[in-house]
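S.K.: Structure file final29.pdb, PDB, C-alpha atoms, is pasted below:
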```pdb
ATOM      1  CA  MET E  96      55.333  76.178 -17.009
ATOM      2  CA  ALA E  97      54.672  73.113 -14.876
ATOM      3  CA  LYS E  98      57.525  70.626 -14.570
ATOM      4  CA  GLU E  99      55.526  67.759 -16.048
ATOM      5  CA  GLN E 100      54.403  69.819 -19.042
ATOM      6  CA  GLN E 101      57.957  70.999 -19.583
ATOM      7  CA  SER E 102      59.178  67.392 -19.550
ATOM      8  CA  VAL E 103      56.566  66.387 -22.132
ATOM      9  CA  LEU E 104      57.519  69.281 -24.392
ATOM     10  CA  LEU E 105      61.201  68.420 -24.011
ATOM     11  CA  GLU E 106      60.537  64.832 -25.073
ATOM     12  CA  LYS E 107      58.574  66.085 -28.074
ATOM     13  CA  TYR E 108      61.398  68.463 -28.904
ATOM     14  CA  VAL E 109      63.961  65.636 -28.828
ATOM     15  CA  GLU E 110      61.744  63.467 -31.061
ATOM     16  CA  GLN E 111      61.427  66.188 -33.694
ATOM     17  CA  LEU E 112      65.106  66.981 -33.415
ATOM     18  CA  LEU E 113      66.095  63.371 -34.026
ATOM     19  CA  ALA E 114      63.679  63.152 -36.951
ATOM     20  CA  LEU E 115      65.203  66.264 -38.516
ATOM     21  CA  GLN E 116      68.710  64.914 -37.982
ATOM     22  CA  ALA E 117      67.731  61.694 -39.729
ATOM     23  CA  LYS E 118      66.509  63.681 -42.745
ATOM     24  CA  LYS E 119      69.595  65.851 -42.955
ATOM     25  CA  GLN E 120      71.913  62.864 -42.305
ATOM     26  CA  GLU E 121      75.489  64.153 -42.694
ATOM     27  CA  ALA E 122      74.652  67.894 -42.612
ATOM     28  CA  PRO E 123      74.858  69.199 -39.006
ATOM     29  CA  LEU E 124      72.021  71.201 -37.476
ATOM     30  CA  ASN E 125      72.588  74.799 -36.500
ATOM     31  CA  LEU E 126      71.443  76.755 -33.475
ATOM     32  CA  ALA E 127      68.694  78.543 -35.391
ATOM     33  CA  GLU E 128      67.153  75.224 -36.402
ATOM     34  CA  LEU E 129      67.229  74.018 -32.815
ATOM     35  CA  LYS E 130      65.414  77.122 -31.564
ATOM     36  CA  GLU E 131      62.926  76.907 -34.407
ATOM     37  CA  ILE E 132      61.975  73.393 -33.360
ATOM     38  CA  ALA E 133      61.727  74.516 -29.736
ATOM     39  CA  GLU E 134      59.404  77.390 -30.625
ATOM     40  CA  SER E 135      57.276  75.192 -32.899
ATOM     41  CA  ILE E 136      56.344  72.912 -30.032
ATOM     42  CA  GLY E 137      55.773  75.734 -27.533
ATOM     43  CA  LEU E 138      59.024  75.869 -25.564
ATOM     44  CA  SER E 139      59.601  79.325 -24.112
ATOM     45  CA  GLU E 140      63.001  80.979 -23.799
ATOM     46  CA  SER E 141      63.152  80.017 -20.145
ATOM     47  CA  ASP E 142      62.266  76.447 -21.083
ATOM     48  CA  TRP E 143      65.045  76.527 -23.647
ATOM     49  CA  GLN E 144      67.534  77.714 -21.057
ATOM     50  CA  GLU E 145      66.351  75.021 -18.652
ATOM     51  CA  ALA E 146      66.949  72.432 -21.368
ATOM     52  CA  GLN E 147      70.508  73.721 -21.815
ATOM     53  CA  ASN E 148      71.023  73.445 -18.056
ATOM     54  CA  THR E 149      69.960  69.811 -18.368
ATOM     55  CA  VAL E 150      72.577  69.368 -21.101
ATOM     56  CA  ARG E 151      75.290  70.754 -18.832
ATOM     57  CA  GLN E 152      74.139  68.661 -15.878
ATOM     58  CA  GLN E 153      74.067  65.435 -17.901
ATOM     59  CA  THR E 154      77.484  66.245 -19.349
ATOM     60  CA  LYS E 155      78.868  66.609 -15.841
ATOM     61  CA  VAL E 156      77.195  63.359 -14.757
ATOM     62  CA  GLY E 157      78.711  61.624 -17.775
ATOM     63  CA  GLN E 158      82.185  62.895 -16.870
ATOM     64  CA  GLN E 159      81.777  61.574 -13.337
ATOM     65  CA  HIS E 160      80.797  58.142 -14.636
ATOM     66  CA  ILE E 161      83.799  58.104 -16.981
ATOM     67  CA  ALA E 162      86.080  58.891 -14.040
ATOM     68  CA  VAL E 163      84.912  55.742 -12.236
ATOM     69  CA  ALA E 164      84.930  53.634 -15.443
ATOM     70  CA  ASN E 165      81.143  53.259 -15.474
ATOM     71  CA  PHE E 166      80.989  53.706 -19.227
ATOM     72  CA  PRO E 167      77.421  52.442 -19.887
ATOM     73  CA  ALA E 168      76.018  54.979 -17.396
ATOM     74  CA  ALA E 169      78.232  57.696 -18.880
ATOM     75  CA  ILE E 170      76.966  56.903 -22.377
ATOM     76  CA  GLN E 171      73.355  57.067 -21.181
ATOM     77  CA  ALA E 172      73.774  60.482 -19.525
ATOM     78  CA  LEU E 173      75.822  61.996 -22.350
ATOM     79  CA  GLN E 174      73.486  60.639 -25.011
ATOM     80  CA  LEU E 175      70.613  62.483 -23.329
ATOM     81  CA  ALA E 176      72.647  65.692 -23.392
ATOM     82  CA  VAL E 177      73.474  65.266 -27.086
ATOM     83  CA  ASN E 178      69.864  64.446 -27.933
ATOM     84  CA  ILE E 179      68.770  67.743 -26.388
ATOM     85  CA  ASN E 180      71.567  69.757 -27.970
ATOM     86  CA  PRO E 181      73.452  68.071 -30.848
ATOM     87  CA  LEU E 182      75.797  71.086 -30.918
ATOM     88  CA  ALA E 183      77.023  70.636 -27.323
ATOM     89  CA  GLU E 184      80.728  70.094 -28.048
ATOM     90  CA  GLN E 185      81.696  68.904 -24.579
ATOM     91  CA  ALA E 186      78.848  66.406 -24.455
ATOM     92  CA  LEU E 187      79.819  65.141 -27.924
ATOM     93  CA  PHE E 188      83.477  64.876 -26.940
ATOM     94  CA  TYR E 189      82.855  62.968 -23.724
ATOM     95  CA  LEU E 190      80.273  60.766 -25.424
ATOM     96  CA  ALA E 191      82.878  59.837 -28.045
ATOM     97  CA  GLN E 192      85.383  59.188 -25.263
ATOM     98  CA  ALA E 193      82.926  57.023 -23.311
ATOM     99  CA  HIS E 194      82.208  54.921 -26.405
ATOM    100  CA  GLN E 195      85.944  54.578 -27.109
ATOM    101  CA  LEU E 196      86.649  53.390 -23.570
ATOM    102  CA  GLN E 197      83.692  51.015 -23.704
ATOM    103  CA  PHE E 198      85.017  49.633 -27.001
ATOM    104  CA  ALA E 199      88.472  49.133 -25.479
ATOM    105  CA  GLN E 200      86.824  47.234 -22.641
ATOM    106  CA  THR E 201      84.310  45.099 -24.554
ATOM    107  CA  GLY E 202      85.472  45.187 -28.181
ATOM    108  CA  LYS E 203      81.929  45.834 -29.437
ATOM    109  CA  LYS E 204      81.856  47.238 -32.957
ATOM    110  CA  GLU E 205      78.904  49.556 -32.269
ATOM    111  CA  ASN E 206      80.929  51.409 -29.625
ATOM    112  CA  LEU E 207      83.782  51.919 -32.080
ATOM    113  CA  LEU E 208      81.453  53.307 -34.753
ATOM    114  CA  ALA E 209      79.715  55.593 -32.246
ATOM    115  CA  ALA E 210      83.062  56.896 -30.952
ATOM    116  CA  GLN E 211      84.170  57.715 -34.502
ATOM    117  CA  GLU E 212      80.862  59.424 -35.315
ATOM    118  CA  TYR E 213      80.787  61.692 -32.253
ATOM    119  CA  ALA E 214      84.481  62.576 -32.509
ATOM    120  CA  GLN E 215      83.908  63.621 -36.126
ATOM    121  CA  ARG E 216      80.956  65.772 -35.079
ATOM    122  CA  VAL E 217      83.149  67.574 -32.548
ATOM    123  CA  LEU E 218      85.636  68.374 -35.305
ATOM    124  CA  LEU E 219      82.832  69.634 -37.572
ATOM    125  CA  ASN E 220      81.831  72.183 -34.915
ATOM    126  CA  ASN E 221      85.307  73.774 -35.171
ATOM    127  CA  ASP E 222      85.709  74.432 -31.452
ATOM    128  CA  PRO E 223      89.367  75.499 -30.958
ATOM    129  CA  GLN E 224      89.318  74.332 -27.348
ATOM    130  CA  LEU E 225      88.293  70.783 -28.290
ATOM    131  CA  ASP E 226      89.804  70.323 -31.753
ATOM    132  CA  SER E 227      93.221  69.163 -30.521
ATOM    133  CA  ALA E 228      91.631  66.925 -27.889
ATOM    134  CA  SER E 229      89.286  65.500 -30.524
ATOM    135  CA  ILE E 230      92.184  64.786 -32.866
ATOM    136  CA  GLU E 231      93.978  62.955 -30.057
ATOM    137  CA  LEU E 232      90.771  61.083 -29.310
ATOM    138  CA  MET E 233      90.487  60.063 -32.978
ATOM    139  CA  LYS E 234      94.046  58.732 -32.804
ATOM    140  CA  THR E 235      93.172  56.825 -29.648
ATOM    141  CA  ILE E 236      90.076  55.395 -31.342
ATOM    142  CA  LYS E 237      92.163  54.306 -34.318
ATOM    143  CA  ASP E 238      94.796  52.772 -32.041
ATOM    144  CA  SER E 239      92.077  50.890 -30.165
ATOM    145  CA  GLU E 240      90.710  49.582 -33.448
ATOM    146  CA  GLN E 241      94.156  48.457 -34.610
ATOM    147  CA  LYS E 242      94.840  46.868 -31.247
ATOM    148  CA  GLN E 243      91.582  44.936 -31.439
ATOM    149  CA  LYS E 244      92.411  43.752 -34.961
ATOM    150  CA  ARG E 245      95.874  42.626 -33.872
ATOM    151  CA  GLY E 246      94.369  40.883 -30.885
ATOM    152  CA  LYS E 247      91.816  39.203 -33.131
ATOM    153  CA  TRP E 248      94.503  37.928 -35.505
ATOM    154  CA  LEU E 249      96.635  36.810 -32.575
ATOM    155  CA  ARG E 250      93.693  34.879 -31.148
ATOM    156  CA  LEU E 251      92.940  33.373 -34.539
ATOM    157  CA  GLY E 252      96.595  32.419 -34.917
ATOM    158  CA  LEU E 253      96.617  30.932 -31.437
ATOM    159  CA  PHE E 254      93.466  28.905 -32.098
ATOM    160  CA  ALA E 255      94.829  27.806 -35.475
ATOM    161  CA  GLY E 256      98.068  26.724 -33.803
ATOM    162  CA  ILE E 257      96.177  24.837 -31.118
ATOM    163  CA  PHE E 258      93.984  23.084 -33.698
ATOM    164  CA  LEU E 259      97.053  22.279 -35.796
ATOM    165  CA  LEU E 260      98.877  20.793 -32.826
ATOM    166  CA  LEU E 261      95.732  18.961 -31.790
ATOM    167  CA  GLY E 262      95.320  17.599 -35.318
ATOM    168  CA  LEU E 263      98.952  16.498 -35.457
ATOM    169  CA  GLY E 264      98.634  14.927 -32.021
ATOM    170  CA  LEU E 265      95.474  13.047 -32.964
ATOM    171  CA  ASN E 266      97.039  11.995 -36.251
ATOM    172  CA  PHE E 267     100.124  10.683 -34.460
ATOM    173  CA  TYR E 268      97.958   8.981 -31.850
ATOM    174  CA  TYR E 269      95.840   7.342 -34.556
ATOM    175  CA  PHE E 270      98.803   5.996 -36.509
ATOM    176  CA  SER E 271     100.626   4.842 -33.380
ATOM    177  CA  SER E 272      97.437   3.083 -32.232
ATOM    178  CA  ARG E 273      96.985   1.563 -35.671
ATOM    179  CA  GLN E 274     100.595   0.390 -35.594
ATOM    180  CA  ALA E 275      99.963  -1.250 -32.233
ATOM    181  CA  VAL E 276      97.003  -3.173 -33.704
ATOM    182  CA  LEU E 277      99.090  -4.229 -36.704
ATOM    183  CA  GLN E 278     101.817  -5.510 -34.392
ATOM    184  CA  GLU E 279      99.276  -7.596 -32.520
ATOM    185  CA  GLU E 280      97.961  -8.884 -35.843
ATOM    186  CA  GLN E 281     101.482  -9.799 -36.942
ATOM    187  CA  GLU E 282     101.893 -11.852 -33.779
ATOM    188  CA  VAL E 283      98.749 -13.784 -34.697
ATOM    189  CA  GLN E 284     100.007 -14.318 -38.251
ATOM    190  CA  LYS E 285     103.409 -15.487 -37.035
ATOM    191  CA  GLN E 286     101.787 -18.042 -34.775
ATOM    192  CA  TRP E 287      99.511 -19.184 -37.592
ATOM    193  CA  ALA E 288     102.645 -19.761 -39.669
ATOM    194  CA  GLN E 289     103.846 -22.087 -36.906
ATOM    195  CA  VAL E 290     100.573 -24.014 -37.107
ATOM    196  CA  GLU E 291     101.027 -24.408 -40.848
ATOM    197  CA  ASN E 292     104.632 -25.510 -40.350
ATOM    198  CA  VAL E 293     103.712 -28.383 -38.054
ATOM    199  CA  TYR E 294     100.896 -29.419 -40.382
ATOM    200  CA  GLN E 295     103.412 -29.477 -43.215
ATOM    201  CA  ARG E 296     105.804 -31.617 -41.176
ATOM    202  CA  ARG E 297     103.057 -34.167 -40.777
ATOM    203  CA  LEU E 298     102.304 -34.079 -44.501
ATOM    204  CA  ASP E 299     105.991 -34.600 -45.229
ATOM    205  CA  LEU E 300     105.678 -37.994 -43.514
ATOM    206  CA  VAL E 301     103.033 -39.198 -45.984
ATOM    207  CA  PRO E 302     105.608 -40.271 -48.650
ATOM    208  CA  LYS E 303     107.307 -42.422 -46.015
ATOM    209  CA  LEU E 304     104.009 -44.199 -45.474
ATOM    210  CA  GLY E 305     104.167 -45.178 -49.134
ATOM    211  CA  GLN E 306     107.332 -47.131 -48.416
ATOM    212  CA  LEU E 307     105.397 -49.306 -45.953
ATOM    213  CA  LEU E 308     102.654 -50.008 -48.481
ATOM    214  CA  SER E 309     104.752 -51.697 -51.158
ATOM    215  CA  ARG E 310     103.738 -55.080 -49.846
ATOM    216  CA  GLU E 311     100.344 -54.169 -48.379
ATOM    217  CA  GLU E 312      96.896 -54.975 -49.675
ATOM    218  CA  ASN E 313      94.909 -52.729 -51.957
ATOM    219  CA  THR E 314      92.828 -51.383 -49.060
ATOM    220  CA  SER E 315      95.820 -49.614 -47.542
ATOM    221  CA  GLN E 316      96.833 -48.340 -50.970
ATOM    222  CA  ALA E 317      93.371 -46.827 -51.356
ATOM    223  CA  LYS E 318      93.633 -45.142 -47.947
ATOM    224  CA  LEU E 319      96.955 -43.596 -48.926
ATOM    225  CA  ALA E 320      95.414 -42.312 -52.157
ATOM    226  CA  GLU E 321      92.630 -40.680 -50.135
ATOM    227  CA  ILE E 322      95.212 -38.958 -47.928
ATOM    228  CA  GLN E 323      97.103 -37.679 -50.944
ATOM    229  CA  ALA E 324      93.893 -36.469 -52.594
ATOM    230  CA  LEU E 325      92.796 -34.643 -49.460
ATOM    231  CA  GLU E 326      96.249 -33.098 -49.151
ATOM    232  CA  SER E 327      95.909 -31.600 -52.625
ATOM    233  CA  GLN E 328      92.514 -30.116 -51.711
ATOM    234  CA  LEU E 329      93.585 -28.207 -48.589
ATOM    235  CA  ASN E 330      91.981 -24.748 -48.636
ATOM    236  CA  GLN E 331      93.711 -22.234 -46.364
ATOM    237  CA  SER E 332      91.491 -19.355 -47.495
ATOM    238  CA  ASP E 333      88.562 -20.838 -45.550
ATOM    239  CA  LEU E 334      89.636 -21.455 -41.966
ATOM    240  CA  ALA E 335      86.598 -23.573 -41.109
ATOM    241  CA  GLN E 336      87.081 -25.832 -44.132
ATOM    242  CA  TYR E 337      90.820 -25.986 -43.530
ATOM    243  CA  ALA E 338      90.295 -27.100 -39.937
ATOM    244  CA  GLN E 339      87.823 -29.752 -41.125
ATOM    245  CA  GLN E 340      90.273 -31.045 -43.737
ATOM    246  CA  GLN E 341      93.125 -31.252 -41.244
ATOM    247  CA  ALA E 342      90.913 -33.167 -38.821
ATOM    248  CA  GLU E 343      90.055 -35.617 -41.618
ATOM    249  CA  LEU E 344      93.746 -36.004 -42.454
ATOM    250  CA  SER E 345      94.490 -36.907 -38.838
ATOM    251  CA  GLN E 346      91.752 -39.541 -38.892
ATOM    252  CA  LYS E 347      92.860 -41.036 -42.199
ATOM    253  CA  ILE E 348      96.545 -41.156 -41.233
ATOM    254  CA  ASN E 349      95.697 -42.863 -37.934
ATOM    255  CA  ALA E 350      93.402 -45.308 -39.732
ATOM    256  CA  LEU E 351      96.155 -46.113 -42.231
ATOM    257  CA  LEU E 352      98.719 -46.706 -39.494
ATOM    258  CA  GLN E 353      96.437 -49.172 -37.752
ATOM    259  CA  GLY E 354      96.303 -51.319 -40.887
ATOM    260  CA  LEU E 355     100.062 -51.523 -41.466
ATOM    261  CA  ASP E 356     102.709 -53.921 -40.293
ATOM    262  CA  GLN E 357     103.414 -52.644 -36.827
ATOM    263  CA  LYS E 358     106.466 -54.873 -36.324
ATOM    264  CA  SER E 359     108.811 -53.170 -38.762
ATOM    265  CA  GLN E 360     111.345 -50.611 -37.573
ATOM    266  CA  LEU E 361     110.249 -48.183 -40.295
ATOM    267  CA  TYR E 362     106.691 -48.321 -38.978
ATOM    268  CA  ARG E 363     107.828 -47.561 -35.450
ATOM    269  CA  ASP E 364     109.966 -44.656 -36.666
ATOM    270  CA  ILE E 365     107.121 -43.173 -38.702
ATOM    271  CA  GLN E 366     104.645 -43.705 -35.871
ATOM    272  CA  ILE E 367     106.880 -41.826 -33.431
ATOM    273  CA  GLN E 368     107.304 -38.958 -35.895
ATOM    274  CA  ILE E 369     103.576 -38.735 -36.603
ATOM    275  CA  GLU E 370     102.712 -38.793 -32.906
ATOM    276  CA  GLY E 371     105.279 -36.061 -32.321
ATOM    277  CA  ALA E 372     103.794 -34.034 -35.165
ATOM    278  CA  GLU E 373     100.271 -34.429 -33.759
ATOM    279  CA  ASN E 374     101.431 -33.301 -30.325
ATOM    280  CA  ARG E 375     103.233 -30.354 -31.850
ATOM    281  CA  ILE E 376     100.113 -29.439 -33.826
ATOM    282  CA  ALA E 377      98.063 -29.379 -30.628
ATOM    283  CA  VAL E 378     100.642 -27.146 -28.920
ATOM    284  CA  GLU E 379     100.869 -24.687 -31.802
ATOM    285  CA  LYS E 380      97.080 -24.513 -32.182
ATOM    286  CA  ARG E 381      96.792 -23.686 -28.492
ATOM    287  CA  LYS E 382      99.414 -20.950 -28.836
ATOM    288  CA  TYR E 383      97.616 -19.617 -31.888
ATOM    289  CA  ASN E 384      94.333 -19.391 -29.997
ATOM    290  CA  GLU E 385      96.125 -17.595 -27.166
ATOM    291  CA  LYS E 386      97.428 -15.010 -29.641
ATOM    292  CA  VAL E 387      93.954 -14.647 -31.130
ATOM    293  CA  GLY E 388      92.545 -14.107 -27.637
ATOM    294  CA  GLN E 389      95.128 -11.406 -26.919
ATOM    295  CA  TYR E 390      94.382  -9.726 -30.238
ATOM    296  CA  ASN E 391      90.612  -9.812 -29.707
ATOM    297  CA  GLN E 392      90.986  -8.380 -26.218
ATOM    298  CA  PHE E 393      93.227  -5.659 -27.638
ATOM    299  CA  VAL E 394      90.914  -4.490 -30.446
ATOM    300  CA  ILE E 395      87.854  -4.098 -28.192
ATOM    301  CA  GLN E 396      89.676  -1.570 -25.999
ATOM    302  CA  PHE E 397      89.552   2.191 -26.585
ATOM    303  CA  PRO E 398      90.686   3.669 -28.942
ATOM    304  CA  TYR E 399      91.315   0.545 -31.012
ATOM    305  CA  ASN E 400      87.603  -0.305 -31.032
ATOM    306  CA  LEU E 401      87.026   2.896 -33.058
ATOM    307  CA  MET E 402      89.269   1.747 -35.901
ATOM    308  CA  GLY E 403      86.998  -0.952 -37.269
ATOM    309  CA  TYR E 404      89.230  -3.971 -36.683
ATOM    310  CA  PRO E 405      87.009  -7.046 -36.266
ATOM    311  CA  PRO E 406      87.892  -9.844 -33.824
ATOM    312  CA  LYS E 407      89.552 -12.929 -35.269
ATOM    313  CA  ALA E 408      88.149 -16.444 -35.211
ATOM    314  CA  TYR E 409      89.590 -19.094 -32.916
ATOM    315  CA  TYR E 410      90.887 -22.314 -34.451
ATOM    316  CA  GLN E 411      89.412 -25.260 -32.608
ATOM    317  CA  THR E 412      88.625 -28.896 -33.370
ATOM    318  CA  SER E 413      86.405 -31.216 -31.387
ATOM    319  CA  ALA E 414      87.904 -33.403 -28.680
ATOM    320  CA  ALA E 415      87.456 -36.477 -30.853
ATOM    321  CA  GLY E 416      89.199 -34.794 -33.766
ATOM    322  CA  LYS E 417      86.303 -35.702 -36.056
ATOM    323  CA  ASP E 418      85.061 -32.240 -36.916
ATOM    324  CA  ALA E 419      86.116 -28.624 -36.660
ATOM    325  CA  GLN E 420      84.357 -25.385 -35.892
ATOM    326  CA  LEU E 421      85.078 -21.688 -35.546
ATOM    327  CA  ILE E 422      84.309 -20.001 -32.259
ATOM    328  CA  HIS E 423      83.935 -16.196 -32.349
TER     329      HIS E 423
END
```
Written as structure tokens, how would this file's structure read?

M.R.:
Amino acid sequence: MAKEQQSVLLEKYVEQLLALQAKKQEAPLNLAELKEIAESIGLSESDWQEAQNTVRQQTKVGQQHIAVANFPAAIQALQLAVNINPLAEQALFYLAQAHQLQFAQTGKKENLLAAQEYAQRVLLNNDPQLDSASIELMKTIKDSEQKQKRGKWLRLGLFAGIFLLLGLGLNFYYFSSRQAVLQEEQEVQKQWAQVENVYQRRLDLVPKLGQLLSREENTSQAKLAEIQALESQLNQSDLAQYAQQQAELSQKINALLQGLDQKSQLYRDIQIQIEGAENRIAVEKRKYNEKVGQYNQFVIQFPYNLMGYPPKAYYQTSAAGKDAQLIH
């Protein structure tokens, strides 16, 4: 028979053989069934023997590939041998071994399943020469599977540990960063308290002004009443309004002083104290704005800009002291 025709018949034989195996599933084929398929497609006895030679050749090729750790090539050669003769114990054994070694190298599940399947088929053939080797191979396959599972859990544990440490680190970093922002904010609040203190010192001088007004005209008395009324209306919850009210207080106090008896010692004492208070107010407001500037510069830097802290408003009055505005 021509070589090409023999090759075509062999391919047809393998196709029918695989189809029959699929139908029988777990039940192994026997030699009589193999020869029956061969005869049904026109393979002669010599063709059959040639096919078995191919099985032996491919088995040898597969062994050579295993020896040099070329497991994919070994699997390809041995699979061809097993397709031609599913009862070829050596081909089945080495095919199982090649899949086991490939699984140990790559960890692919399909190689593990194939190794188990072909090792079981060797045992089903009851070949005394290969049974002990097949049992050892099954143990090796099982050990490889257990090793992969342990490695998988170790990797999962390692990743979990890394993520846990990363989470703890980020959590610590977040809270330490947040604490840094809060410290900056406390500095601003402390300086604002100083601004309020010097404003209060100036307000504490208002009762002394009343002592100078006992002999003054009604106009000065009315100005003092306006100061006292404005003092009672101070609104610290609205910084813009508060700044406006303080600017008005400065104007009204200065206007009141200009209308008083400037020759008395009490007047001079109060005037010195009020001027000192005004100077101190200017100093503390400047310091407050410096703290606000530091805070605003701080919260726009990474990572503080990711925490949602808005910049604070500056406290600033006009040069004439007649109005106040917020600068952002």

S.K.: Pick from E:Ile367, E:Val163, E:Val283, E:Leu352: nearest to Glu385 in chain E, with only C-alpha atoms counted?

M.R.: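 Among the listed residues, E:Val283 lies closest to Glu385 in chain E.
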
S.K.: Check the smallest atom-to-atom distance from each of E:Leu325, E:Val177, E:Ala335, E:Ile136 to Ala408 in chain E using all atoms listed in the file, then report the winner.

M.R.: E:Ala335

S.K.: Using the chain letters and numbers from the file, which residues does the PyMOL selection byres ((chain E and resi 152-157) around 10) grab, as a ChimeraX atom specification?

M.R.: /E:146-151,158-162,165-177,183,185-190,193

S.K.: Name the closest residue to Glu134 in chain E among the candidates E:Asn400, E:Lys347, E:Gly371, E:Lys107; distances are taken between atoms, counting only C-alpha atoms.

M.R.: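 Of E:Asn400, E:Lys347, E:Gly371, E:Lys107, the one nearest Glu134 in chain E is E:Lys107, counting only C-alpha atoms.
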
S.K.: Any idea what the distance is between CA of Gln274 in chain E and CA of Met402 in chain E?

M.R.: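 Taking CA of Gln274 in chain E and CA of Met402 in chain E, their separation equals 11.4 Å.
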
S.K.: Report the distance between CA of Glu279 in chain E and CA of Glu373 in chain E in Å, rounded to one decimal place.

M.R.: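 So the two atoms, CA of Glu279 in chain E and CA of Glu373 in chain E, lie 26.9 Å apart.
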